[in-house]
$ cat upload-v3.cif   # mmCIF, C-alpha atoms
data_upload
#
loop_
_atom_site.label_atom_id
_atom_site.label_comp_id
_atom_site.auth_asym_id
_atom_site.auth_seq_id
_atom_site.Cartn_x
_atom_site.Cartn_y
_atom_site.Cartn_z
CA MET A 227 77.93 94.78 104.02
CA LEU A 228 79.84 96.98 101.57
CA GLU A 229 77.61 99.58 99.96
CA THR A 230 78.11 102.67 97.90
CA MET A 231 75.48 105.35 97.54
CA ALA A 232 75.52 107.57 94.46
CA LEU A 233 79.30 107.46 94.46
CA ALA A 234 81.06 109.93 92.16
CA CYS A 235 84.79 110.36 91.64
CA GLU A 236 86.97 112.73 89.70
CA ARG A 237 90.64 112.81 88.93
CA GLY A 238 92.47 116.09 88.37
CA GLY A 239 89.14 117.93 88.02
CA LEU A 240 87.94 115.49 85.35
CA PRO A 241 84.78 113.56 86.33
CA LEU A 242 85.31 109.79 85.97
CA PHE A 243 82.00 108.27 86.99
CA GLY A 244 78.99 109.24 89.04
CA GLY A 245 75.82 107.88 90.58
CA LEU A 246 77.42 104.53 91.29
CA SER A 247 75.41 102.49 93.78
CA PHE A 248 75.89 98.83 94.61
CA ALA A 249 75.74 96.52 97.60
CA LEU A 250 77.96 93.54 98.20
CA GLY A 251 77.04 90.85 100.74
CA PRO A 252 78.87 87.81 102.16
CA GLY A 253 80.20 85.58 99.42
CA GLY A 254 79.74 88.35 96.88
CA LEU A 255 82.10 89.01 94.01
CA LEU A 256 82.12 92.37 92.26
CA ARG A 257 84.06 92.62 89.07
CA VAL A 258 84.81 96.12 87.79
CA ARG A 259 85.34 96.42 84.06
CA GLY A 260 86.07 99.37 81.85
CA ALA A 261 88.48 100.84 79.35
CA ASN A 262 91.84 102.34 80.35
CA GLY A 263 91.28 105.54 82.27
CA SER A 264 87.64 104.79 83.02
CA GLY A 265 88.29 104.98 86.77
CA LYS A 266 88.66 101.35 87.88
CA THR A 267 91.69 102.03 90.04
CA THR A 268 90.15 105.23 91.40
CA LEU A 269 87.02 103.29 92.35
CA LEU A 270 89.06 100.69 94.23
CA ARG A 271 91.15 103.34 95.97
CA THR A 272 87.94 105.10 96.96
CA LEU A 273 86.51 101.86 98.34
CA ALA A 274 89.78 101.42 100.29
CA GLY A 275 89.43 104.91 101.76
CA LEU A 276 92.59 106.22 100.07
CA THR A 277 90.81 108.67 97.78
CA ARG A 278 87.87 110.83 98.77
CA PRO A 279 84.81 110.61 96.54
CA SER A 280 83.61 113.90 95.07
CA ALA A 281 80.04 112.92 95.97
CA GLY A 282 78.24 110.03 97.61
CA SER A 283 79.60 107.69 100.27
CA VAL A 284 81.07 104.26 100.90
CA ARG A 285 79.50 102.32 103.77
CA TRP A 286 80.66 99.24 105.60
CA ARG A 287 78.24 97.38 107.88
CA GLY A 288 75.87 100.33 107.49
CA GLU A 289 78.36 102.94 108.74
CA PRO A 290 80.53 105.36 106.76
CA ILE A 291 84.01 103.85 106.50
CA GLY A 292 86.30 104.83 109.38
CA ASP A 293 89.30 103.57 111.31
CA ASP A 294 87.79 100.19 112.24
CA TYR A 295 87.17 99.45 108.57
CA ARG A 296 90.91 99.06 108.01
CA ASN A 297 90.89 95.95 110.24
CA GLU A 298 88.38 94.27 107.94
CA MET A 299 89.69 95.26 104.54
CA LEU A 300 92.65 94.27 102.42
CA PHE A 301 93.70 96.42 99.48
CA LEU A 302 96.32 95.44 96.92
CA GLY A 303 97.10 98.07 94.30
CA HIS A 304 99.29 98.07 91.19
CA ALA A 305 102.49 98.49 93.19
CA SER A 306 103.41 95.31 94.97
CA ALA A 307 104.83 96.93 98.15
CA VAL A 308 107.68 94.43 98.16
CA LYS A 309 111.00 95.83 99.42
CA ASP A 310 113.97 95.05 97.17
CA GLU A 311 116.44 94.86 100.04
CA MET A 312 114.51 92.24 101.97
CA THR A 313 113.90 88.59 101.20
CA VAL A 314 110.49 87.25 100.17
CA LEU A 315 110.06 85.74 103.63
CA GLU A 316 111.03 88.95 105.45
CA ASN A 317 108.63 90.92 103.28
CA LEU A 318 105.77 88.58 104.12
CA ARG A 319 106.64 88.56 107.84
CA PHE A 320 106.61 92.36 107.84
CA SER A 321 103.16 92.40 106.19
CA CYS A 322 101.91 90.00 108.86
CA ARG A 323 103.08 92.30 111.66
CA ILE A 324 101.67 95.44 110.10
CA PHE A 325 98.35 93.82 109.20
CA CYS A 326 98.08 91.80 112.44
CA LEU A 327 97.93 88.44 110.63
CA ASP A 328 98.88 85.03 111.98
CA SER A 329 102.58 84.75 111.20
CA SER A 330 103.61 81.43 112.72
CA GLY A 331 106.28 79.66 110.69
CA SER A 332 104.07 76.94 109.21
CA GLU A 333 101.34 79.40 108.15
CA ILE A 334 103.85 81.51 106.26
CA LYS A 335 105.38 78.47 104.61
CA THR A 336 101.94 77.28 103.47
CA ALA A 337 101.16 80.74 102.10
CA LEU A 338 104.35 80.77 100.02
CA GLU A 339 103.58 77.25 98.78
CA LYS A 340 100.06 78.25 97.74
CA LEU A 341 101.55 80.91 95.47
CA GLY A 342 104.33 78.59 94.29
CA ILE A 343 107.22 80.69 95.61
CA ALA A 344 108.35 78.60 98.60
CA ARG A 345 111.74 77.98 97.00
CA LEU A 346 112.31 81.74 96.64
CA ALA A 347 111.70 82.43 100.34
CA ASP A 348 115.26 83.48 101.15
CA LEU A 349 115.96 85.38 97.94
CA PRO A 350 116.22 89.18 98.16
CA ALA A 351 113.23 90.61 96.31
CA ARG A 352 115.36 92.61 93.85
CA TYR A 353 116.16 89.35 92.02
CA LEU A 354 112.48 88.53 91.48
CA SER A 355 110.78 88.77 88.12
CA GLN A 356 107.66 90.89 87.78
CA GLY A 357 105.40 87.86 88.11
CA GLN A 358 107.29 86.47 91.09
CA ARG A 359 107.10 89.86 92.76
CA ARG A 360 103.34 89.84 92.20
CA ARG A 361 103.13 86.38 93.77
CA ALA A 362 105.16 87.56 96.76
CA ALA A 363 102.63 90.37 97.30
CA LEU A 364 99.66 88.04 96.78
CA ALA A 365 101.01 85.54 99.33
CA ARG A 366 99.44 87.79 101.94
CA LEU A 367 96.00 86.74 100.68
CA ALA A 368 96.67 83.17 101.79
CA LEU A 369 97.10 84.51 105.36
CA SER A 370 94.12 86.87 105.20
CA ALA A 371 91.19 84.44 105.17
CA ALA A 372 89.85 86.18 108.28
CA VAL A 373 89.80 89.58 106.58
CA PRO A 374 86.27 89.78 105.15
CA LEU A 375 86.72 92.28 102.33
CA TRP A 376 89.41 91.99 99.65
CA LEU A 377 89.93 94.82 97.17
CA LEU A 378 92.28 93.70 94.41
CA ASP A 379 93.39 95.99 91.60
CA GLU A 380 94.42 93.95 88.54
CA PRO A 381 95.57 91.00 90.66
CA PHE A 382 96.03 88.78 87.63
CA ALA A 383 98.38 91.16 85.82
CA ALA A 384 101.88 89.72 85.26
CA LEU A 385 100.85 86.23 86.43
CA ASP A 386 101.41 83.15 84.27
CA ALA A 387 98.71 80.52 83.62
CA GLU A 388 99.60 78.54 86.73
CA GLY A 389 99.63 81.69 88.88
CA ILE A 390 96.19 82.68 87.58
CA VAL A 391 94.80 79.29 88.62
CA GLN A 392 96.44 79.53 92.07
CA LEU A 393 95.08 83.02 92.68
CA GLY A 394 91.66 81.99 91.35
CA ALA A 395 91.58 79.12 93.85
CA LEU A 396 92.47 81.47 96.73
CA CYS A 397 89.72 83.89 95.74
CA SER A 398 87.12 81.14 95.26
CA ALA A 399 87.94 79.73 98.70
CA HIS A 400 87.59 83.18 100.23
CA LEU A 401 84.16 83.67 98.64
CA ALA A 402 83.03 80.16 99.60
CA ALA A 403 83.90 80.99 103.22
CA GLY A 404 81.64 84.04 103.11
CA GLY A 405 84.26 86.64 102.21
CA MET A 406 83.73 89.51 99.80
CA LEU A 407 85.86 90.42 96.83
CA VAL A 408 86.04 93.44 94.56
CA LEU A 409 88.47 93.20 91.69
CA THR A 410 89.36 94.88 88.45
CA SER A 411 90.52 92.71 85.61
CA HIS A 412 90.78 92.83 81.86
CA GLN A 413 90.84 89.08 81.42
CA ASP A 414 88.30 86.42 82.30
CA VAL A 415 88.93 85.24 85.81
CA PRO A 416 88.70 81.64 87.03
CA ILE A 417 86.77 82.47 90.21
CA SER A 418 83.62 80.65 91.19
CA SER A 419 81.23 82.75 93.20
CA PRO A 420 77.71 82.24 94.51
CA ALA A 421 76.81 85.85 93.80
CA PRO A 422 78.84 87.47 91.00
CA GLN A 423 78.13 91.09 90.03
CA GLU A 424 79.66 93.23 87.36
CA ILE A 425 80.06 96.96 86.92
CA GLU A 426 81.06 98.52 83.63
CA LEU A 427 82.64 101.96 83.96
CA ARG A 428 82.73 104.21 80.94
CA MET B 147 103.69 99.22 119.58
CA THR B 148 104.18 96.07 117.48
CA GLY B 149 103.67 98.25 114.42
CA PHE B 150 106.27 100.76 115.60
CA LEU B 151 108.83 98.05 116.28
CA ALA B 152 108.07 96.23 113.02
CA VAL B 153 108.63 99.38 110.93
CA LEU B 154 111.71 100.40 112.94
CA ARG B 155 113.20 96.95 112.50
CA ARG B 156 112.50 96.89 108.80
CA GLU B 157 113.97 100.37 108.28
CA TRP B 158 117.05 99.29 110.20
CA GLN B 159 117.42 96.13 108.09
CA VAL B 160 117.06 98.10 104.87
CA ALA B 161 119.61 100.68 106.07
CA LEU B 162 122.09 97.91 106.93
CA ARG B 163 121.70 96.49 103.43
CA ARG B 164 122.11 99.91 101.86
CA LYS B 165 125.10 101.05 103.89
CA GLY B 166 126.14 103.42 101.11
CA ASP B 167 123.27 105.78 101.88
CA VAL B 168 124.26 106.09 105.54
CA LEU B 169 127.98 106.39 104.82
CA ASN B 170 127.39 109.01 102.09
CA VAL B 171 125.70 111.33 104.54
CA LEU B 172 128.40 110.84 107.16
CA ALA B 173 131.19 111.34 104.64
CA PHE B 174 129.50 114.50 103.32
CA PHE B 175 129.36 115.87 106.86
CA VAL B 176 133.03 115.14 107.55
CA VAL B 177 134.20 116.55 104.21
CA VAL B 178 132.18 119.78 104.43
CA ALA B 179 133.25 120.42 108.02
CA SER B 180 136.87 119.69 107.13
CA LEU B 181 136.94 122.10 104.18
CA PHE B 182 136.55 125.20 106.34
CA PRO B 183 139.96 125.10 108.08
CA LEU B 184 141.55 124.65 104.65
CA GLY B 185 139.70 127.69 103.35
CA VAL B 186 140.08 130.14 106.23
CA GLY B 187 143.56 129.21 107.41
CA PRO B 188 144.94 127.54 110.54
CA GLU B 189 144.63 130.40 113.06
CA PRO B 190 143.46 128.57 116.25
CA GLY B 191 141.47 131.43 117.78
CA GLN B 192 139.50 131.99 114.59
CA LEU B 193 138.83 128.27 114.13
CA ARG B 194 137.62 127.88 117.73
CA ALA B 195 135.22 130.79 117.27
CA MET B 196 133.63 129.37 114.13
CA ALA B 197 133.74 125.67 115.05
CA ALA B 198 130.23 125.29 116.46
CA GLY B 199 128.57 127.12 113.59
CA VAL B 200 130.45 125.17 110.95
CA VAL B 201 129.76 121.78 112.53
CA TRP B 202 126.08 122.59 112.95
CA ILE B 203 125.65 123.91 109.39
CA ALA B 204 127.43 120.85 108.01
CA ALA B 205 125.07 118.68 110.08
CA LEU B 206 122.01 120.53 108.75
CA LEU B 207 123.17 120.09 105.15
CA ALA B 208 124.02 116.42 105.69
CA ALA B 209 120.59 115.79 107.21
CA LEU B 210 119.00 117.64 104.28
CA LEU B 211 120.88 115.38 101.88
CA SER B 212 119.30 112.30 103.44
CA LEU B 213 115.74 113.60 103.75
CA PRO B 214 114.38 113.11 100.19
CA ARG B 215 114.93 109.36 100.59
CA LEU B 216 112.84 109.19 103.76
CA PHE B 217 109.53 108.42 102.02
CA ALA B 218 110.53 108.26 98.33
CA ALA B 219 111.31 104.53 98.10
CA ASP B 220 108.20 103.57 100.07
CA HIS B 221 106.14 105.80 97.81
CA VAL B 222 107.45 104.25 94.60
CA ASP B 223 107.15 100.59 95.64
CA GLY B 224 103.67 100.98 97.11
CA THR B 225 104.61 100.40 100.75
CA LEU B 226 103.31 103.82 101.74
CA GLU B 227 99.93 103.05 100.20
CA GLN B 228 99.76 99.86 102.25
CA MET B 229 100.67 101.79 105.41
CA LEU B 230 97.69 104.06 104.81
CA VAL B 231 95.26 101.15 104.62
CA ALA B 232 96.88 99.19 107.48
CA PRO B 233 95.11 98.91 110.84
CA GLN B 234 98.07 100.65 112.50
CA PRO B 235 97.61 104.42 112.86
CA LEU B 236 99.71 106.18 110.22
CA VAL B 237 101.39 108.34 112.86
CA ILE B 238 102.95 105.23 114.44
CA VAL B 239 104.49 104.30 111.10
CA VAL B 240 105.73 107.87 110.56
CA LEU B 241 107.22 108.02 114.06
CA ALA B 242 109.04 104.73 113.47
CA LYS B 243 110.44 106.01 110.19
CA ILE B 244 111.57 109.22 111.89
CA ALA B 245 113.22 107.24 114.68
CA ALA B 246 115.00 105.06 112.13
CA HIS B 247 116.10 108.15 110.20
CA TRP B 248 117.60 109.64 113.34
CA LEU B 249 119.36 106.39 114.27
CA THR B 250 120.95 106.18 110.81
CA THR B 251 121.62 109.90 110.25
CA GLY B 252 121.43 112.14 113.32
CA LEU B 253 123.10 109.78 115.74
CA PRO B 254 126.15 109.03 113.54
CA LEU B 255 126.51 112.78 112.87
CA ALA B 256 126.41 113.54 116.60
CA ILE B 257 128.98 110.85 117.36
CA ALA B 258 131.31 112.08 114.60
CA ALA B 259 130.99 115.74 115.60
CA PRO B 260 133.48 115.73 118.53
CA LEU B 261 136.13 114.35 116.15
CA ILE B 262 135.47 117.27 113.82
CA GLY B 263 135.60 119.57 116.85
CA LEU B 264 139.15 118.37 117.54
CA GLN B 265 140.21 119.70 114.14
CA TYR B 266 138.99 123.09 115.33
CA ASP B 267 140.97 122.92 118.57
CA LEU B 268 137.86 122.90 120.78
CA PRO B 269 138.54 122.21 124.49
CA ALA B 270 137.06 119.05 126.05
CA GLY B 271 134.22 120.92 127.77
CA ALA B 272 133.06 122.48 124.51
CA LEU B 273 133.30 119.09 122.74
CA ALA B 274 130.95 117.61 125.32
CA ILE B 275 128.48 120.46 124.84
CA LEU B 276 128.75 120.06 121.05
CA LEU B 277 127.86 116.38 121.40
CA ALA B 278 124.98 117.18 123.77
CA SER B 279 123.59 119.90 121.52
CA LEU B 280 123.66 117.56 118.52
CA LEU B 281 122.04 114.73 120.47
CA ILE B 282 119.15 117.03 121.40
CA GLY B 283 119.05 118.95 118.12
CA THR B 284 119.39 116.28 115.41
CA PRO B 285 116.05 114.58 116.29
CA VAL B 286 114.43 117.93 115.46
CA LEU B 287 115.98 117.72 111.99
CA SER B 288 114.43 114.28 111.48
CA LEU B 289 111.04 115.33 112.89
CA LEU B 290 110.60 118.57 110.92
CA GLY B 291 112.45 117.13 107.95
CA ALA B 292 109.89 114.31 107.75
CA ALA B 293 107.13 116.88 107.33
CA GLY B 294 109.11 118.58 104.54
CA ALA B 295 109.91 115.26 102.88
CA ALA B 296 106.23 114.29 102.95
CA LEU B 297 105.17 117.65 101.52
CA THR B 298 107.59 117.39 98.59
CA LEU B 299 106.87 113.71 97.91
CA GLY B 300 106.50 113.04 94.22
CA VAL B 301 107.24 116.66 93.29
CA ARG B 302 109.71 117.14 90.47
CA GLY B 303 112.86 118.81 91.78
CA GLY B 304 111.59 118.05 95.27
CA GLY B 305 115.09 118.01 96.73
CA ALA B 306 115.72 121.72 96.11
CA LEU B 307 112.23 122.61 97.27
CA LEU B 308 112.76 120.55 100.40
CA GLY B 309 115.81 122.67 101.27
CA LEU B 310 113.88 125.90 100.85
CA LEU B 311 111.08 124.48 102.95
CA VAL B 312 112.93 123.03 105.93
CA LEU B 313 116.18 124.99 106.23
CA PRO B 314 114.33 128.08 107.58
CA LEU B 315 112.61 125.79 110.10
CA PHE B 316 116.03 124.56 111.23
CA VAL B 317 117.16 128.11 112.14
CA PRO B 318 116.25 127.90 115.86
CA VAL B 319 118.12 124.58 116.12
CA LEU B 320 121.19 126.17 114.53
CA VAL B 321 121.01 129.26 116.76
CA PHE B 322 120.62 127.43 120.05
CA GLY B 323 122.78 124.44 119.12
CA ALA B 324 125.77 126.51 118.02
CA GLY B 325 124.97 129.06 120.74
CA ALA B 326 125.37 126.43 123.47
CA VAL B 327 128.90 125.59 122.32
CA THR B 328 129.88 129.24 121.95
CA ALA B 329 128.50 129.97 125.41
CA SER B 330 130.61 127.23 126.98
CA LEU B 331 133.68 128.58 125.12
CA ILE B 332 133.30 132.04 126.67
CA GLY B 333 132.59 130.60 130.10
CA VAL B 334 128.80 131.08 130.20
CA ASN B 335 126.57 128.24 131.41
CA PRO B 336 125.11 126.65 128.22
CA SER B 337 122.15 125.02 129.96
CA ALA B 338 119.75 127.79 128.87
CA HIS B 339 120.57 127.10 125.21
CA LEU B 340 120.22 123.36 125.69
CA SER B 341 116.89 123.80 127.49
CA LEU B 342 115.54 125.89 124.63
CA LEU B 343 116.78 123.23 122.22
CA GLY B 344 114.92 120.65 124.31
CA ALA B 345 111.76 122.75 124.21
CA PHE B 346 112.06 122.97 120.45
CA LEU B 347 112.44 119.18 120.31
CA ALA B 348 109.26 118.78 122.37
CA VAL B 349 107.27 121.06 120.06
CA SER B 350 108.58 119.49 116.86
CA SER B 351 107.88 115.96 118.14
CA ILE B 352 104.18 116.89 118.05
CA VAL B 353 104.12 119.13 114.98
CA GLY B 354 106.49 117.14 112.73
CA PRO B 355 104.75 113.73 112.68
CA TRP B 356 101.30 115.31 112.56
CA ALA B 357 102.21 117.48 109.57
CA ALA B 358 103.95 114.55 107.87
CA CYS B 359 100.84 112.34 108.22
CA ALA B 360 98.58 115.04 106.80
CA ALA B 361 100.97 115.63 103.88
CA LEU B 362 101.27 111.90 103.14
CA ARG B 363 97.49 111.52 103.00
CA VAL B 364 97.32 114.37 100.49
CA ALA B 365 100.26 113.03 98.46
CA LEU B 366 98.58 109.62 98.10
CA ASP B 367 95.06 110.89 97.40
#
$ encode --input "upload-v3.cif" --output "structure tokens"
Amino acid sequence: MLETMALACERGGLPLFGGLSFALGPGGLLRVRGANGSGKTTLLRTLAGLTRPSAGSVRWRGEPIGDDYRNEMLFLGHASAVKDEMTVLENLRFSCRIFCLDSSGSEIKTALEKLGIARLADLPARYLSQGQRRRAALARLALSAAVPLWLLDEPFAALDAEGIVQLGALCSAHLAAGGMLVLTSHQDVPISSPAPQEIELR
Amino acid sequence: MTGFLAVLRREWQVALRRKGDVLNVLAFFVVVASLFPLGVGPEPGQLRAMAAGVVWIAALLAALLSLPRLFAADHVDGTLEQMLVAPQPLVIVVLAKIAAHWLTTGLPLAIAAPLIGLQYDLPAGALAILLASLLIGTPVLSLLGAAGAALTLGVRGGGALLGLLVLPLFVPVLVFGAGAVTASLIGVNPSAHLSLLGAFLAVSSIVGPWAACAALRVALD
């Protein structure tokens, strides 16, 4: 479903990696490892279509990625895209509208509960801690079961032990339902997958 | 359309919760426009002659003051990145942000302008034309300004660069906007000026968002 062919990326004229080819099918988990600056984030941004590869291509369902791809892909980067001025609930509602997700009241409430931030729903996001902010951004995952491909850049960063378990459960459920997941992480992740793959960038 | 309304609504909510930003721009406009009579003296004929130019230049500078913020916060907190990967076309998001910028900057400036005009002893007819010219002209500032704001996104000292970039583009707006008021003062029909201003609005409503989208894609590459 998601394939790369001889993918090469550079940053500021400096080559990061090249000749990267992999294929990810339903239920597949791809974990990207590598030292700081090895190009993990660049790889994910390239898979999301934000950065152009210097060579090679990214393909989705056999076609080069285009406008339709954005309906079937979810990308969460380092920045949490949570607006300080708005409450946790308003932030999540806005995401639902922009990403065309089911945003009925009970669905949203369940999503906040799955990430353990239901009691913070009406708090303006500027009062959130780093970990809580991360959870507020990740709450979108609980509403995105129908989005087949998840691209998560360091999703476990800033989360406490309980948050890691909650996120792991969300990811495992997504994979069990035939979803695909690409993630970068420095720590061991509690995700069970029928078809785990690993890439080491250097 | 849902995307447009969602972004517009969110921008409006954020603006309401950060009233200071909106009021700053408005206060800047009023203060700058009010300084001129103090500087040049209270001779009514002279004030009437310079009124339109002063109000329009103050409006340009006030709009310029607000432009760096247009995309900066969304860039820093990652919202812009999410907009680029969202199913909604980016241009819809940019248009909504431009519309929100006009509602919170251009519209208040236009509404305040006739009050400033009174300080300059403008007759009622000229005040109406001043309001009309600002209502047609200030959206151009938001549209072209968005392109400039996107181009200077993340650049150090971007604010100064933004001025150098967009103020020359604002020249036709200044010429025809102030020209319309001056024309009505000397008894000439100002509709030609307003029509040209409208034509400029039509052109910039295509060019501005398109250029802003292209610049945002480059800025986030």
$ interface_residues --input "upload-v3.cif" --of "chain A" --to "chain B" --cutoff "10 Å" --atoms "only C-alpha atoms" --output "PyMOL selection string"
chain A and resi 237+268+271-272+274-278+293-312+316-317+319-326
$ write_last_selection --input "upload-v3.cif" --atoms "C-alpha atoms" --output "PDB file, in the coordinates of the input"
ATOM      1  CA  ARG A 237      90.640 112.810  88.930  1.00  0.00           C
ATOM      2  CA  THR A 268      90.150 105.230  91.400  1.00  0.00           C
ATOM      3  CA  ARG A 271      91.150 103.340  95.970  1.00  0.00           C
ATOM      4  CA  THR A 272      87.940 105.100  96.960  1.00  0.00           C
ATOM      5  CA  ALA A 274      89.780 101.420 100.290  1.00  0.00           C
ATOM      6  CA  GLY A 275      89.430 104.910 101.760  1.00  0.00           C
ATOM      7  CA  LEU A 276      92.590 106.220 100.070  1.00  0.00           C
ATOM      8  CA  THR A 277      90.810 108.670  97.780  1.00  0.00           C
ATOM      9  CA  ARG A 278      87.870 110.830  98.770  1.00  0.00           C
ATOM     10  CA  ASP A 293      89.300 103.570 111.310  1.00  0.00           C
ATOM     11  CA  ASP A 294      87.790 100.190 112.240  1.00  0.00           C
ATOM     12  CA  TYR A 295      87.170  99.450 108.570  1.00  0.00           C
ATOM     13  CA  ARG A 296      90.910  99.060 108.010  1.00  0.00           C
ATOM     14  CA  ASN A 297      90.890  95.950 110.240  1.00  0.00           C
ATOM     15  CA  GLU A 298      88.380  94.270 107.940  1.00  0.00           C
ATOM     16  CA  MET A 299      89.690  95.260 104.540  1.00  0.00           C
ATOM     17  CA  LEU A 300      92.650  94.270 102.420  1.00  0.00           C
ATOM     18  CA  PHE A 301      93.700  96.420  99.480  1.00  0.00           C
ATOM     19  CA  LEU A 302      96.320  95.440  96.920  1.00  0.00           C
ATOM     20  CA  GLY A 303      97.100  98.070  94.300  1.00  0.00           C
ATOM     21  CA  HIS A 304      99.290  98.070  91.190  1.00  0.00           C
ATOM     22  CA  ALA A 305     102.490  98.490  93.190  1.00  0.00           C
ATOM     23  CA  SER A 306     103.410  95.310  94.970  1.00  0.00           C
ATOM     24  CA  ALA A 307     104.830  96.930  98.150  1.00  0.00           C
ATOM     25  CA  VAL A 308     107.680  94.430  98.160  1.00  0.00           C
ATOM     26  CA  LYS A 309     111.000  95.830  99.420  1.00  0.00           C
ATOM     27  CA  ASP A 310     113.970  95.050  97.170  1.00  0.00           C
ATOM     28  CA  GLU A 311     116.440  94.860 100.040  1.00  0.00           C
ATOM     29  CA  MET A 312     114.510  92.240 101.970  1.00  0.00           C
ATOM     30  CA  GLU A 316     111.030  88.950 105.450  1.00  0.00           C
ATOM     31  CA  ASN A 317     108.630  90.920 103.280  1.00  0.00           C
ATOM     32  CA  ARG A 319     106.640  88.560 107.840  1.00  0.00           C
ATOM     33  CA  PHE A 320     106.610  92.360 107.840  1.00  0.00           C
ATOM     34  CA  SER A 321     103.160  92.400 106.190  1.00  0.00           C
ATOM     35  CA  CYS A 322     101.910  90.000 108.860  1.00  0.00           C
ATOM     36  CA  ARG A 323     103.080  92.300 111.660  1.00  0.00           C
ATOM     37  CA  ILE A 324     101.670  95.440 110.100  1.00  0.00           C
ATOM     38  CA  PHE A 325      98.350  93.820 109.200  1.00  0.00           C
ATOM     39  CA  CYS A 326      98.080  91.800 112.440  1.00  0.00           C
TER      40      CYS A 326
END
$ residues_around --input "upload-v3.cif" --residues "Gly282 (chain A)" --least-positions-apart "2" --cutoff "8 Å" --atoms "only C-alpha atoms" --output "PyMOL selection string"
chain A and resi 230-234+245+279-280+284
$ residues_around --input "upload-v3.cif" --residues "Phe243 (chain A)" --least-positions-apart "6" --cutoff "9 Å" --atoms "all atoms listed in the file" --output "list in words"
Leu233, Ala234, Cys235, Glu236, Ser264, Gly265, Leu269, Leu427 and Arg428 of chain A
$ closest_residue --input "upload-v3.cif" --among "B:Ile238, B:Ile352, B:Val171, B:Leu307" --to "Ala295 (chain B)" --atoms "only C-alpha atoms"
B:Leu307
$ resolve_selection --input "upload-v3.cif" --expression "the PyMOL selection byres ((chain B and resi 324-328) around 8)" --output "list in words"
Ala195, Ala198, Gly199, Trp202, Ala272, Leu273, Ile275, Leu276, Ser279, Leu320, Val321, Phe322, Gly323, Ala329, Ser330, Leu331, Ile332, Pro336, Ser337, Ala338, His339 and Leu340 of chain B
$ resolve_selection --input "upload-v3.cif" --expression "the PyMOL selection byres ((chain B and resi 296) around 8)" --output "mmCIF file with C-alpha atoms, in the coordinates of the input"
data_model
loop_
_atom_site.group_PDB
_atom_site.id
_atom_site.type_symbol
_atom_site.label_atom_id
_atom_site.label_comp_id
_atom_site.auth_asym_id
_atom_site.auth_seq_id
_atom_site.Cartn_x
_atom_site.Cartn_y
_atom_site.Cartn_z
ATOM 1 C CA PHE B 217 109.530 108.420 102.020
ATOM 2 C CA ALA B 292 109.890 114.310 107.750
ATOM 3 C CA ALA B 293 107.130 116.880 107.330
ATOM 4 C CA GLY B 294 109.110 118.580 104.540
ATOM 5 C CA ALA B 295 109.910 115.260 102.880
ATOM 6 C CA LEU B 297 105.170 117.650 101.520
ATOM 7 C CA THR B 298 107.590 117.390 98.590
ATOM 8 C CA LEU B 299 106.870 113.710 97.910
ATOM 9 C CA ALA B 358 103.950 114.550 107.870
ATOM 10 C CA CYS B 359 100.840 112.340 108.220
ATOM 11 C CA ALA B 361 100.970 115.630 103.880
ATOM 12 C CA LEU B 362 101.270 111.900 103.140
ATOM 13 C CA ALA B 365 100.260 113.030 98.460
#
$ atom_distance --input "upload-v3.cif" --atom1 "CA of Leu289 (chain B)" --atom2 "CA of Leu169 (chain B)"
20.8 Å
$ residues_around --input "upload-v3.cif" --residues "Arg257 (chain A)" --least-positions-apart "6" --cutoff "6 Å" --atoms "only C-alpha atoms" --output "VMD selection string"
chain A and resid 408 to 410 424
